[in-house]
Amino acid sequence: MTDTFVVDENGEYTVGKAQTTPEYEAEGVVNSFQNALGYWDTTLEESTDTIRGTVYSGTAMLNRLLEREGEGDIGLITNRGFEDTHRFGRGIESWVDLPYSGRLHAREHEHPEPIVPRENIRGVRSRIDHLGQEMIPLYEGEVEEAVHDLLDRDVRVICVSLVYSYQNPEHEQRVREIAEEIIDERGADVPIWLSSEQNPVRGELPRVNSLILEAYAVEPSREQLYGIRDELEAEGADAPFRVLSSSGGTVSPDHDWLVETMISGPIGGIFGGEFLADKLGIDNLVCSDVGGTSFDVGLITEGHYPTRWDQSLAQFMVNIPMTAMDTIGSGTGSFVRVDRASNRLEVGPDSAGYLVGVANEESGLDTPTVTDCTAMLGYLNPEYFLGGKIDLDVDRAREYIEDQVADPLDQDPHETARGVLDIVERNMTNELNAMILGLGYSPENYHLTSYGGGGPLHAAGYTQSLDFKDVLIPDWAAAFSAFGCATADYAYRYDRSLDLVLQPDLSNAEQVAAALTDALTDLREQAVAAFERDGIDAEEMDFVPALRMQYTGMLDDLEVTLPGDIWNGELAADDLPDVIDVYEREFARVFQRAAQSPEQGYTITMGVGTGIAPSPSPALPEEEPGDETPPEAAGRGHRDIYWDGAWHEAALWEMNDLEAGNVVEGPAVVEAPATTMLVPPGFEAPLDEHRIFHLGET
Amino acid sequence: MSKPADTSDRTERNFEQVDPPIGWDGQTLYEMLEQSERQTEETGRYCGLDELEMKAEEPFEYEQLFSQLRGALVSARETALHVSASPIVREIGELCFQVYTPEGDCVALSTGIIVHVHTGSLAIKYMIEEDYEHDRGIQPGDIFCNNDNDLGNVHTTDVHTIVPIFEDGELIAWVDGVTHQVDIGGMTRGHDQLASTTRFEDGLYATCEKIGENDKIYQDWRDRCQRSVRTPMYWDLDEKCRLAGCHMIREAIKEMVDDVGADRFKQFMREAVEEGRQTLHSRVEERLFPGTYRDSSFMPVPFEDEAWKPQAKQDMLNHLPVEVEIDADGGIEFDMEGASPPGPHAYNCAEGAMEGGLWVSLTQCLLHDGKVNDGSYLAVDTNYPEGSIVNPQDPSLSYHTSWGSLMPTYNAFWKNVSRGFFARGFREEVVTGYSETGDPLQGGGKYEVTDEYFPVSPFEHSCQGLGASAVRDGLDHGYAMWNPESDMGDVEEWELIEWGLPFLARQMKPDTAGHGKYRGGSGWEGIRMVNNSADVSLYKHVVPGVGFTTSGMSGGYPNATNYSLRAHDTDIQERFENRDPYPVGDSPSGEFDEHIDGDIRRSEKGLYFPEEYENYDLVHYQMGGGPGYGDPLDRPVEKIKEDVEEGIYTPETVESVYGVVGEFDEDDREFTVDEDATERARDRLMEERREEAVDYEEFYESERERVSEGDVSEPAQWMYEGVFDISEEWAESFRDFWELPAEFTFEE
């Protein structure tokens, strides 16, 4: 399905759906847009002139990779002797996407099938060393031969990735020169892509993979994106059309490299969280998303979310900068079983996903899920699940839970169902706690927001034992990730590995400062050029410079943003103590202070430059707060719910009919078509003027 | 089990006790240990637990506690990795944390080098048995360190930091963090020495030593260690990493105790261990067919021309037999009666390390989805014969490279278990074995650019070939028996550590995979060049070298043997200048020599002792493949075509082994099979088999004659002599099998 989330300047929103049209995505997008606007009694034609921006986030690129339906005919030139880098996958690719038990079970490990077959990979003798010096000259004769061979094989693009090209791109550049001459001579039309230009970051495997994925799964989408932009323009929309990137922010479909837009969908919620944090004046916010298959958590700390590299994508290691998000395989659709040998309860990691559970008789499932447990406990309205689109048969859920789970454990079925939720929610709690402690903070320092279809249902359970400052549940929780996409800034982020060593006595500070100034200035110019291409003036751009640093000898770095009082367009030697100070404070916070090791000096591994330009954003809803008592019209009667070993009569409310200022007192269940919020006994949930519930114990 | 404690001595010391006991309920730790061992011994259940009350009555709370504890261990490890420096620890994850009961039984552990589950256990039990409680003192905030293999460690370069966790004056648990050091200050550079023959050449040892108090490491300990190893910075960072992780876990456990109360936490720990024991039995009952399974591994030690020490200058062969007995109720026995005696080499292996090897193997085949802890250790009845190479009970030996005995042994174990799986119908769980992760390259040198020392011990070797199963080929280039999360690391990471030894190549190595209907996983090869360096020395030892350590299964072949290859005094600089080819591999074998001139040294031995290297010298190394399963002639031709196209086998090899004939176009990587020629070749192979085959009786008779005449190779004779010396039981069974006279020996 293609979903469209349309939000106005007051935060009012509408959601549309239409069948995805993979051959020509623009069609599905326009249909879905029309469907959404239909709820506002308007059409695209009537309202295009009011559109201030469109942000696209899709899974087409990822699906192309997962289903292995990308475009082949990719040629690769690498160092002679390193032709197998992509195929080896460092070994790690054979297990990286498996859960704990699969990682231990070596027999399950399997490498992904290489995307570029060995015959399309040509090696040329050459080597740059780790300092960026030429160790072995480029054997140009071998380059010529390689280019001819690949052209003979009818490749449509030649990727070039040489070891340590991020330190010194000259050999890669020379390969391109030679290749272009040959391509000219032969009258061919094949682009040459360099890894030192796409992402000059350490790690030859993730670097070559990122380049290959760009060619295989991403570039084929570029035409689709242009298609959508053209359709919207044809309908009269002249506002910018942008694509959400995984590092935060949106980019134009004209952007040189779109691989960063490959995995943007799930992290929309974190941008939404950042927006909330900014509007509500919150420094530290946990963004938690409960979906059908997983529980995803991102942290905004002191207004920022961290970025990570070196992640896997469909088993391939890549170095795409990505907003940090942790995932555990516990979702509402996770299967519930008892292991025969150990008589232990197991939840997940596999999931029924959209099939929901055995309560959905049409699903054909015969193993109960977490949703079956919630249905049994009275938390879900069997007639109103997904707005009534799926009928839930609670008795059926109970039979399966009793038969497959409660009886083998010799437990009461309702106690069992609650026990399952306790385990799932405890796992979520552990994940939250570990992430927060891992950053050197404690839950008391954070607010938490819960969203996704299952978030409001489980939020009380997974936050109960942690002392968050507040638990926020927007009434648009089910569409919060899409909302987040609309809040993202126009932003271009550029990374470059540097590996500069700053001596402990700062004796080479001048040299390091000059190198940093050069690198950051370069990154800034790249961002300026990108915005100019988009027709946005450099004046409007905010430049945020950051460095990734580590104590020399350590192998893991931290990203620190350079505040405005340190970076004013350049760095001088006497700025470096301030830079160190920023780093050391960050280090002491994240790690045990005992581990500080300044004795060997510091290594600046990477320069990061992000250009940000203002973009239109939705506002939060604003409503005049009224009575604490909800209006009668919002009432939906009562239903018994099971909590803490007993049944309680819970009041039922229609979420959309509640008004700002109302306080929902537990036990209560607040129902909306796409989500359900549980307010257990002893809890309450006041609804504020922005239509955000604040769930907490009374 | 650990050594029996000398109780008379302890009673005397107890008279001096002044502080209240730190064990539970007014007991000393020693009393707790004695009681738990007695109860376990008497009832066959951990601490005599009749039933798992908490698990039965509060199954959800119980599961939550376990997931919380394991979550704390995993996340402490993740965080600790960030502050750790040594390349092995960070890049390859050579780090593990474990939580133990006060008696030293492991309750839960993180991911990583999980082979250590039981080694920390032995160290803790040693401290209890030696009455550290009253003598050395065990206080909140204390820090202990052990890497003494004889008391609980795998090999010398694994270093444990052990911290007690107290609650209201009682020691409620222990936490142990272990990392693998890149250097421990032994007689030569490297983390798995080849040259040492006794403890006195192994390097720095800490014998369950108290190294700090009040959460702070003693200054004298820190100074001693940093001055005793070649890589003081890595030592320092790794120690910080272990300690920081232990303290994080201590915090997490204290929170859990605050949450559920000390009594329930104690109950939980005991039940978790007992549950681990029961789970292993249920898994064995469910998945392995009862019976007695026997197999044997061999470890060739070709030292006659290589070793430095006079006593080590002989060609040796170590016998590593494994018998596994499975009963119908899930009982499992593991017996190594007949193992060789220890020797003047670094391959001696302590019992705790062997237990770890057993455990890490069980985890990967039977326990991966259960609770993994010391319960499984308690569930297996083991015999590592005292005084043998797998349980020497002698601290004066060298244990630096105990892996040299441990890894081959568990190939035999895997094959036994695989037969049990197969007989139960779990064909897909069969693992014919693996390539041992020997050390293809070790040493170090001085990098001239910075004038600093760089260690060489790339853990690329964690990516070997895995053996085939009974339904599919083995995993290529992606397995290490000691840590299933294998990763060869990026070249761009390794060269930031091993500055003076840049890579010229890292590529597939054809013909390494064991042949079979299902082939083993493939190995690979690399070449590195000494650059900008001085005082470089490198050495190598990998198996199989001069002999196979294991075989394939059901007609499958073992993986190919390794060899060593290097070039000194080369012309490579001129080659760079003239753009002449330089070697990027040695496939097929001999190709290396075509692209380099110089002093090329090639040996079928998979080892050489430390040698000096100059700039522009080249060193080649390879990683092995896994053993195969089933008759190669049953492998479909289509699969063999893929093997050639993917560079798993050369066309020559598939013709001689599989009888598949064809033309290989290397540019297009297309192998065109000549069907007629293939049919003829396969017929010829079958014909040869018919001609060469003899019946069992005939084979037995001819072999018996050889045995009775002592017609075996010198290393084999050395092996039999040694085994006969220490195991009359095994000698008798050998004589019985070969119908030899009672006085028969191999001694001349």
# chains A, B, ... in the order shown; residues from 1 in each chain; ligands from 1
call {"tool": "residues_around", "arguments": {"residues": "Ala515 of chain A", "least_positions_apart": "6", "cutoff": "10 Å", "atoms": "only C-alpha atoms", "output": "list in words"}}
result
Leu498, Leu500, Ala509, Thr521 and Leu571 of chain A
call {"tool": "interface_residues", "arguments": {"of": "chain B", "to": "chain A", "cutoff": "7 Å", "atoms": "only C-alpha atoms", "output": "ChimeraX atom specification"}}
result
/B:60,64,68,71,75,79,82-85,90,240,244,279,282-283,363-365,368-369,429,463,475,477-478,484-490,492-493,495-496,504-508,576,579,584,667-669
call {"tool": "closest_residue", "arguments": {"among": "A:Glu539, A:Glu260, A:Asp8, A:Glu231", "to": "Ser617 of chain A", "atoms": "only C-alpha atoms"}}
result
A:Asp8
call {"tool": "residues_around", "arguments": {"residues": "Glu355 of chain B", "least_positions_apart": "6", "cutoff": "10 Å", "atoms": "only C-alpha atoms", "output": "ChimeraX atom specification"}}
result
/B:1,115-119,154,361,377,380,382,384,390,406
call {"tool": "select_by_dssp", "arguments": {"residues": "segment 169-267 of chain B", "states": "helix (DSSP H, G or I)", "output": "ChimeraX atom specification"}}
result
/B:199-201,219-228,232-260,262-267
call {"tool": "closest_residue", "arguments": {"among": "A:Pro321, A:Pro99, A:Pro382, A:Pro306", "to": "Gln198 of chain A", "atoms": "only C-alpha atoms"}}
result
A:Pro321
call {"tool": "closest_residue", "arguments": {"among": "A:Ala672, A:Glu69, A:Asp627, A:Cys485", "to": "Gly387 of chain A", "atoms": "only C-alpha atoms"}}
result
A:Ala672
call {"tool": "residues_around", "arguments": {"residues": "segment 9-21 of chain A", "least_positions_apart": "5", "cutoff": "6 Å", "atoms": "only C-alpha atoms", "output": "count of residues only"}}
result
13
call {"tool": "residues_around", "arguments": {"residues": "segment 640-650 of chain B", "least_positions_apart": "6", "cutoff": "8 Å", "atoms": "only C-alpha atoms", "output": "JSON list (two decimals) with C-alpha atoms, in the first residue's frame"}}
result
[["chain", "number", "residue", "atom", "x", "y", "z"],
["A", 118, "ARG", "CA", 32.89, -12.27, -9.79],
["B", 508, "MET", "CA", 39.55, -17.20, -2.42],
["B", 509, "LYS", "CA", 41.84, -20.21, -2.22],
["B", 510, "PRO", "CA", 40.64, -22.99, -4.50],
["B", 511, "ASP", "CA", 40.89, -26.64, -3.52],
["B", 512, "THR", "CA", 40.79, -26.04, 0.24],
["B", 513, "ALA", "CA", 37.26, -27.39, 0.79],
["B", 522, "SER", "CA", 36.06, -23.04, 1.37],
["B", 588, "PRO", "CA", 47.23, -22.99, -8.16],
["B", 660, "VAL", "CA", 33.93, -34.02, -14.18],
["B", 664, "PHE", "CA", 36.90, -23.24, -18.05],
["B", 669, "ARG", "CA", 34.00, -17.61, -15.48],
["B", 670, "GLU", "CA", 32.07, -20.18, -17.38],
["B", 671, "PHE", "CA", 32.76, -23.88, -17.06],
["B", 672, "THR", "CA", 31.47, -25.95, -19.98],
["B", 673, "VAL", "CA", 31.12, -29.59, -19.03]]
call {"tool": "select_by_dssp", "arguments": {"residues": "segment 510-680 of chain B", "states": "strand (DSSP E or B)", "output": "ChimeraX atom specification"}}
result
/B:518,524-529,533-541,553,564-568,599-603,607-613,618-623,629,662-665,670-673
call {"tool": "write_last_selection", "arguments": {"atoms": "C-alpha atoms", "output": "tab-separated table (two decimals), in the first residue's frame"}}
result
chain	number	residue	atom	x	y	z
B	518	TYR	CA	28.19	-32.02	0.11
B	524	TRP	CA	41.02	-18.35	1.41
B	525	GLU	CA	44.53	-16.89	1.19
B	526	GLY	CA	46.34	-13.62	1.78
B	527	ILE	CA	49.68	-12.02	1.02
B	528	ARG	CA	51.31	-9.24	3.01
B	529	MET	CA	54.46	-7.23	2.46
B	533	SER	CA	59.66	-1.30	9.23
B	534	ALA	CA	62.63	-2.66	11.14
B	535	ASP	CA	63.20	-5.53	13.52
B	536	VAL	CA	60.27	-7.51	12.14
B	537	SER	CA	59.88	-11.14	13.10
B	538	LEU	CA	57.03	-13.38	12.06
B	539	TYR	CA	56.06	-17.00	12.55
B	540	LYS	CA	53.30	-19.36	11.72
B	541	HIS	CA	51.61	-22.50	12.96
B	553	MET	CA	32.17	-38.21	7.08
B	564	SER	CA	53.88	-22.22	4.45
B	565	LEU	CA	55.29	-19.84	1.87
B	566	ARG	CA	57.33	-16.66	2.09
B	567	ALA	CA	59.79	-14.68	0.01
B	568	HIS	CA	62.81	-12.80	1.29
B	599	ASP	CA	64.68	-16.30	-1.69
B	600	ILE	CA	61.37	-18.17	-1.81
B	601	ARG	CA	60.78	-20.66	0.99
B	602	ARG	CA	58.01	-23.15	0.66
B	603	SER	CA	57.33	-25.99	3.05
B	607	LEU	CA	54.63	-23.84	10.59
B	608	TYR	CA	57.92	-22.10	11.04
B	609	PHE	CA	59.47	-20.56	14.14
B	610	PRO	CA	60.07	-16.78	14.39
B	611	GLU	CA	62.07	-15.53	11.42
B	612	GLU	CA	63.42	-12.11	10.68
B	613	TYR	CA	61.84	-10.17	7.86
B	618	LEU	CA	56.45	-11.20	1.35
B	619	VAL	CA	54.50	-13.57	3.52
B	620	HIS	CA	51.69	-15.78	2.27
B	621	TYR	CA	49.11	-17.49	4.47
B	622	GLN	CA	45.88	-19.36	4.03
B	623	MET	CA	42.73	-20.29	5.91
B	629	TYR	CA	30.18	-35.32	3.60
B	662	GLY	CA	35.21	-29.52	-19.03
B	663	GLU	CA	36.64	-26.27	-20.32
B	664	PHE	CA	36.90	-23.24	-18.05
B	665	ASP	CA	36.76	-19.76	-19.57
B	670	GLU	CA	32.07	-20.18	-17.38
B	671	PHE	CA	32.76	-23.88	-17.06
B	672	THR	CA	31.47	-25.95	-19.98
B	673	VAL	CA	31.12	-29.59	-19.03
call {"tool": "residues_around", "arguments": {"residues": "Leu299 of chain A", "least_positions_apart": "5", "cutoff": "8 Å", "atoms": "only C-alpha atoms", "output": "ChimeraX atom specification"}}
result
/A:270,284-287,305-306,324-325,436
call {"tool": "write_last_selection", "arguments": {"atoms": "C-alpha atoms", "output": "mmCIF file, in the first residue's frame"}}
result
data_model
loop_
_atom_site.group_PDB
_atom_site.id
_atom_site.type_symbol
_atom_site.label_atom_id
_atom_site.label_comp_id
_atom_site.auth_asym_id
_atom_site.auth_seq_id
_atom_site.Cartn_x
_atom_site.Cartn_y
_atom_site.Cartn_z
ATOM 1 C CA ILE A 270 12.607 9.921 15.652
ATOM 2 C CA ASN A 284 16.016 14.356 26.385
ATOM 3 C CA LEU A 285 13.362 12.219 24.774
ATOM 4 C CA VAL A 286 13.054 8.480 24.228
ATOM 5 C CA CYS A 287 11.205 7.660 21.012
ATOM 6 C CA TYR A 305 19.980 12.017 17.992
ATOM 7 C CA PRO A 306 23.232 10.121 17.364
ATOM 8 C CA ALA A 324 20.709 5.455 15.623
ATOM 9 C CA MET A 325 17.817 3.187 16.391
ATOM 10 C CA ILE A 436 19.843 5.008 28.193
#
call {"tool": "residues_around", "arguments": {"residues": "Ala234 of chain A", "least_positions_apart": "6", "cutoff": "10 Å", "atoms": "only C-alpha atoms", "output": "short mmCIF file (atom, residue, chain, number, x, y, z; two decimals) with N, CA and C atoms, in the first residue's frame"}}
result
data_model
loop_
_atom_site.label_atom_id
_atom_site.label_comp_id
_atom_site.auth_asym_id
_atom_site.auth_seq_id
_atom_site.Cartn_x
_atom_site.Cartn_y
_atom_site.Cartn_z
N GLU A 45 -6.07 18.64 -7.47
CA GLU A 45 -6.15 19.77 -8.40
C GLU A 45 -6.57 21.04 -7.67
N THR A 48 -3.48 22.00 -4.91
CA THR A 48 -2.03 21.92 -5.10
C THR A 48 -1.31 23.22 -4.75
N ILE A 228 7.29 10.94 -9.85
CA ILE A 228 6.36 11.47 -8.84
C ILE A 228 6.42 13.00 -8.86
#
call {"tool": "decode", "arguments": {"residues": "segment 562-593 of chain A", "atoms": "N, CA and C atoms", "output": "PDB file, in the first residue's frame"}}
result
ATOM      1  N   LEU A 562      30.653  20.744  16.958  1.00  0.00           N
ATOM      2  CA  LEU A 562      31.439  21.898  17.379  1.00  0.00           C
ATOM      3  C   LEU A 562      30.504  23.085  17.581  1.00  0.00           C
ATOM      4  N   PRO A 563      30.429  23.586  18.792  1.00  0.00           N
ATOM      5  CA  PRO A 563      29.539  24.722  19.019  1.00  0.00           C
ATOM      6  C   PRO A 563      30.036  25.963  18.287  1.00  0.00           C
ATOM      7  N   GLY A 564      29.124  26.907  18.094  1.00  0.00           N
ATOM      8  CA  GLY A 564      29.428  28.122  17.334  1.00  0.00           C
ATOM      9  C   GLY A 564      30.606  28.910  17.891  1.00  0.00           C
ATOM     10  N   ASP A 565      30.843  28.828  19.206  1.00  0.00           N
ATOM     11  CA  ASP A 565      31.950  29.621  19.753  1.00  0.00           C
ATOM     12  C   ASP A 565      33.302  28.983  19.459  1.00  0.00           C
ATOM     13  N   ILE A 566      33.309  27.744  18.946  1.00  0.00           N
ATOM     14  CA  ILE A 566      34.592  27.142  18.557  1.00  0.00           C
ATOM     15  C   ILE A 566      34.780  27.275  17.044  1.00  0.00           C
ATOM     16  N   TRP A 567      33.740  26.966  16.296  1.00  0.00           N
ATOM     17  CA  TRP A 567      33.833  27.021  14.832  1.00  0.00           C
ATOM     18  C   TRP A 567      33.226  28.325  14.316  1.00  0.00           C
ATOM     19  N   ASN A 568      34.061  29.142  13.716  1.00  0.00           N
ATOM     20  CA  ASN A 568      33.517  30.347  13.092  1.00  0.00           C
ATOM     21  C   ASN A 568      34.024  30.423  11.657  1.00  0.00           C
ATOM     22  N   GLY A 569      34.080  29.271  11.020  1.00  0.00           N
ATOM     23  CA  GLY A 569      34.563  29.247   9.648  1.00  0.00           C
ATOM     24  C   GLY A 569      35.984  28.717   9.569  1.00  0.00           C
ATOM     25  N   GLU A 570      36.643  28.667  10.734  1.00  0.00           N
ATOM     26  CA  GLU A 570      37.952  28.006  10.755  1.00  0.00           C
ATOM     27  C   GLU A 570      38.313  27.619  12.182  1.00  0.00           C
ATOM     28  N   LEU A 571      39.354  26.764  12.259  1.00  0.00           N
ATOM     29  CA  LEU A 571      39.837  26.345  13.574  1.00  0.00           C
ATOM     30  C   LEU A 571      41.299  26.766  13.678  1.00  0.00           C
ATOM     31  N   ALA A 572      41.674  27.310  14.834  1.00  0.00           N
ATOM     32  CA  ALA A 572      43.076  27.644  15.071  1.00  0.00           C
ATOM     33  C   ALA A 572      43.621  26.696  16.130  1.00  0.00           C
ATOM     34  N   ALA A 573      44.953  26.674  16.239  1.00  0.00           N
ATOM     35  CA  ALA A 573      45.583  25.760  17.197  1.00  0.00           C
ATOM     36  C   ALA A 573      45.009  25.950  18.601  1.00  0.00           C
ATOM     37  N   ASP A 574      44.751  27.201  18.965  1.00  0.00           N
ATOM     38  CA  ASP A 574      44.287  27.398  20.346  1.00  0.00           C
ATOM     39  C   ASP A 574      42.804  27.086  20.536  1.00  0.00           C
ATOM     40  N   ASP A 575      42.128  26.669  19.449  1.00  0.00           N
ATOM     41  CA  ASP A 575      40.756  26.167  19.613  1.00  0.00           C
ATOM     42  C   ASP A 575      40.760  24.698  20.052  1.00  0.00           C
ATOM     43  N   LEU A 576      41.877  24.011  19.813  1.00  0.00           N
ATOM     44  CA  LEU A 576      41.857  22.561  20.010  1.00  0.00           C
ATOM     45  C   LEU A 576      41.624  22.131  21.462  1.00  0.00           C
ATOM     46  N   PRO A 577      42.203  22.853  22.449  1.00  0.00           N
ATOM     47  CA  PRO A 577      41.860  22.467  23.831  1.00  0.00           C
ATOM     48  C   PRO A 577      40.355  22.510  24.085  1.00  0.00           C
ATOM     49  N   ASP A 578      39.656  23.451  23.467  1.00  0.00           N
ATOM     50  CA  ASP A 578      38.200  23.511  23.636  1.00  0.00           C
ATOM     51  C   ASP A 578      37.519  22.309  22.977  1.00  0.00           C
ATOM     52  N   VAL A 579      38.054  21.921  21.817  1.00  0.00           N
ATOM     53  CA  VAL A 579      37.507  20.749  21.125  1.00  0.00           C
ATOM     54  C   VAL A 579      37.691  19.513  22.004  1.00  0.00           C
ATOM     55  N   ILE A 580      38.893  19.393  22.578  1.00  0.00           N
ATOM     56  CA  ILE A 580      39.172  18.250  23.464  1.00  0.00           C
ATOM     57  C   ILE A 580      38.220  18.257  24.649  1.00  0.00           C
ATOM     58  N   ASP A 581      37.979  19.453  25.159  1.00  0.00           N
ATOM     59  CA  ASP A 581      37.098  19.581  26.305  1.00  0.00           C
ATOM     60  C   ASP A 581      35.685  19.067  25.973  1.00  0.00           C
ATOM     61  N   VAL A 582      35.193  19.446  24.814  1.00  0.00           N
ATOM     62  CA  VAL A 582      33.860  18.983  24.402  1.00  0.00           C
ATOM     63  C   VAL A 582      33.861  17.459  24.303  1.00  0.00           C
ATOM     64  N   TYR A 583      34.934  16.921  23.708  1.00  0.00           N
ATOM     65  CA  TYR A 583      35.036  15.473  23.544  1.00  0.00           C
ATOM     66  C   TYR A 583      35.092  14.760  24.903  1.00  0.00           C
ATOM     67  N   GLU A 584      35.920  15.284  25.791  1.00  0.00           N
ATOM     68  CA  GLU A 584      36.109  14.587  27.067  1.00  0.00           C
ATOM     69  C   GLU A 584      34.844  14.610  27.911  1.00  0.00           C
ATOM     70  N   ARG A 585      34.108  15.688  27.817  1.00  0.00           N
ATOM     71  CA  ARG A 585      32.850  15.720  28.563  1.00  0.00           C
ATOM     72  C   ARG A 585      31.893  14.663  28.016  1.00  0.00           C
ATOM     73  N   GLU A 586      31.863  14.574  26.701  1.00  0.00           N
ATOM     74  CA  GLU A 586      30.989  13.579  26.063  1.00  0.00           C
ATOM     75  C   GLU A 586      31.442  12.173  26.446  1.00  0.00           C
ATOM     76  N   PHE A 587      32.745  11.951  26.424  1.00  0.00           N
ATOM     77  CA  PHE A 587      33.282  10.621  26.738  1.00  0.00           C
ATOM     78  C   PHE A 587      32.933  10.215  28.167  1.00  0.00           C
ATOM     79  N   ALA A 588      33.157  11.147  29.089  1.00  0.00           N
ATOM     80  CA  ALA A 588      32.938  10.832  30.500  1.00  0.00           C
ATOM     81  C   ALA A 588      31.465  10.512  30.745  1.00  0.00           C
ATOM     82  N   ARG A 589      30.612  11.142  29.951  1.00  0.00           N
ATOM     83  CA  ARG A 589      29.190  10.907  30.132  1.00  0.00           C
ATOM     84  C   ARG A 589      28.798   9.532  29.593  1.00  0.00           C
ATOM     85  N   VAL A 590      29.339   9.196  28.438  1.00  0.00           N
ATOM     86  CA  VAL A 590      28.935   7.968  27.778  1.00  0.00           C
ATOM     87  C   VAL A 590      29.588   6.739  28.405  1.00  0.00           C
ATOM     88  N   PHE A 591      30.852   6.841  28.707  1.00  0.00           N
ATOM     89  CA  PHE A 591      31.571   5.683  29.224  1.00  0.00           C
ATOM     90  C   PHE A 591      31.927   5.916  30.682  1.00  0.00           C
ATOM     91  N   GLN A 592      32.479   4.894  31.276  1.00  0.00           N
ATOM     92  CA  GLN A 592      32.975   5.044  32.643  1.00  0.00           C
ATOM     93  C   GLN A 592      34.152   6.022  32.602  1.00  0.00           C
ATOM     94  N   ARG A 593      34.137   6.967  33.516  1.00  0.00           N
ATOM     95  CA  ARG A 593      35.212   7.946  33.536  1.00  0.00           C
ATOM     96  C   ARG A 593      36.574   7.258  33.672  1.00  0.00           C
TER      97      ARG A 593
END
